[in-house]
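**Q** What follows is a single structure, and I will ask about it in a moment.
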Amino acid sequence: MRIARSADDVWALVGDAAALAGWFPGITWSTVDGDVRRIGLASGLELVEQIVTCDPELRRFQYRITGGVPVSRHLATVDVFELGPADSLVAYSTEVEPAPLVLVLGAAVAAALANLETMLETG
């Protein structure tokens, strides 16, 4: 998703693990304790995630779902790239097994990126 804001502005939201509920639709709350993030979904489900990487220099955030849904393997990576002074590219990729979860997570990520763009571009 290309966003008409500086990479630093985008990273300020994306890199704040506890702020996920503010820009990811369907997430009602999130907390962080060390490298563990817990998130509450609108459905009432609670997910547990391990924060793998939060690197402000690279502007890279990675996490794994470790509880709350039956996944055998998961790794999500969010990268924020600077294209210009007020122009960024956000790449959000997810590896997940079992494969049917790709459709669910893909739709959620697409909605999150669209919401992130709207929030940052309209203030």
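By order of appearance in the structure tokens: chains A, B, ..., then residues from 1 within every chain, and ligands from 1 in the order shown.
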Where does DSSP see alpha helix (DSSP H) in chain A, if you list the residues as number ranges by chain?

**A** A: 7-14, 101-122

**Q** Excluding segment 50-66 of chain A and any residue of its chain fewer than 2 positions from it, enumerate the residues within 6 Å of it, using only C-alpha atoms, and give them as a tab-separated table (two decimals) with N, CA, C and O atoms, in the first residue's frame.

**A**
chain	number	residue	atom	x	y	z
A	35	ASP	N	7.96	-9.41	24.87
A	35	ASP	CA	7.81	-9.74	23.45
A	35	ASP	C	6.51	-10.47	23.15
A	35	ASP	O	6.35	-11.10	22.11
A	36	VAL	N	5.54	-10.37	24.07
A	36	VAL	CA	4.23	-11.01	23.89
A	36	VAL	C	3.17	-9.94	23.71
A	36	VAL	O	3.03	-9.04	24.54
A	48	VAL	N	-2.73	-14.63	20.86
A	48	VAL	CA	-1.45	-14.39	21.51
A	48	VAL	C	-0.39	-14.41	20.41
A	48	VAL	O	-0.38	-15.31	19.56
A	74	HIS	N	3.28	-19.59	11.40
A	74	HIS	CA	2.84	-18.23	11.07
A	74	HIS	C	4.00	-17.26	11.26
A	74	HIS	O	4.73	-17.34	12.24
A	75	LEU	N	4.16	-16.37	10.31
A	75	LEU	CA	5.09	-15.25	10.44
A	75	LEU	C	4.54	-14.11	9.60
A	75	LEU	O	4.32	-14.26	8.40
A	76	ALA	N	4.32	-12.98	10.24
A	76	ALA	CA	3.87	-11.77	9.54
A	76	ALA	C	4.99	-10.75	9.59
A	76	ALA	O	5.65	-10.59	10.62
A	77	THR	N	5.19	-10.07	8.48
A	77	THR	CA	6.23	-9.05	8.38
A	77	THR	C	5.62	-7.78	7.81
A	77	THR	O	4.94	-7.83	6.78
A	78	VAL	N	5.85	-6.67	8.49
A	78	VAL	CA	5.40	-5.36	8.00
A	78	VAL	C	6.65	-4.51	7.82
A	78	VAL	O	7.40	-4.28	8.76
A	79	ASP	N	6.87	-4.07	6.58
A	79	ASP	CA	8.00	-3.21	6.26
A	79	ASP	C	7.47	-1.86	5.78
A	79	ASP	O	6.50	-1.82	5.00
A	80	VAL	N	8.11	-0.79	6.22
A	80	VAL	CA	7.76	0.56	5.77
A	80	VAL	C	8.98	1.11	5.02
A	80	VAL	O	10.06	1.23	5.59

**Q** Residues of segment 4-82 of chain A that have any atom at most 9 Å from an atom of segment 108-112 of chain A: could you tabulate them with the shortest-distance atom pair and the distance in Å to one decimal, using only C-alpha atoms, ordered by chain and increasing number, as a Markdown table?

**A**
| residue | atom | partner | partner_atom | distance |
| --- | --- | --- | --- | --- |
| A:Trp23 | CA | A:Ala112 | CA | 6.5 |
| A:Phe24 | CA | A:Ala112 | CA | 4.6 |
| A:Pro25 | CA | A:Ala112 | CA | 5.9 |
| A:Gly26 | CA | A:Ala108 | CA | 8.2 |

**Q** Looking only at the backbone, which of the residues in chain A does DSSP tag as strand (DSSP E or B), as a ChimeraX atom specification?

**A** /A:2-3,27-33,36-41,46-55,60-67,73-84,87-97

**Q** So, with only C-alpha atoms as the atoms that count, which of A:Glu95, A:Glu46, A:Asp33, A:Asp8 lies closest to Leu120 of chain A?

**A** A:Asp8

**Q** Measuring atom to atom with only C-alpha atoms, identify which of A:Leu113, A:Gly34, A:Gly40, A:Gly106 is nearest to Ala91 of chain A.

**A**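 Closest to Ala91 of chain A, using only C-alpha atoms: A:Leu113.
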
**Q** List as a PyMOL selection string the protein and nucleic acid residues near Pro85 of chain A, meaning an atom at most 8 Å away when only C-alpha atoms are counted, but skip any in the same chain fewer than 2 places from it.

**A** chain A and resi 5-7+82-83+87
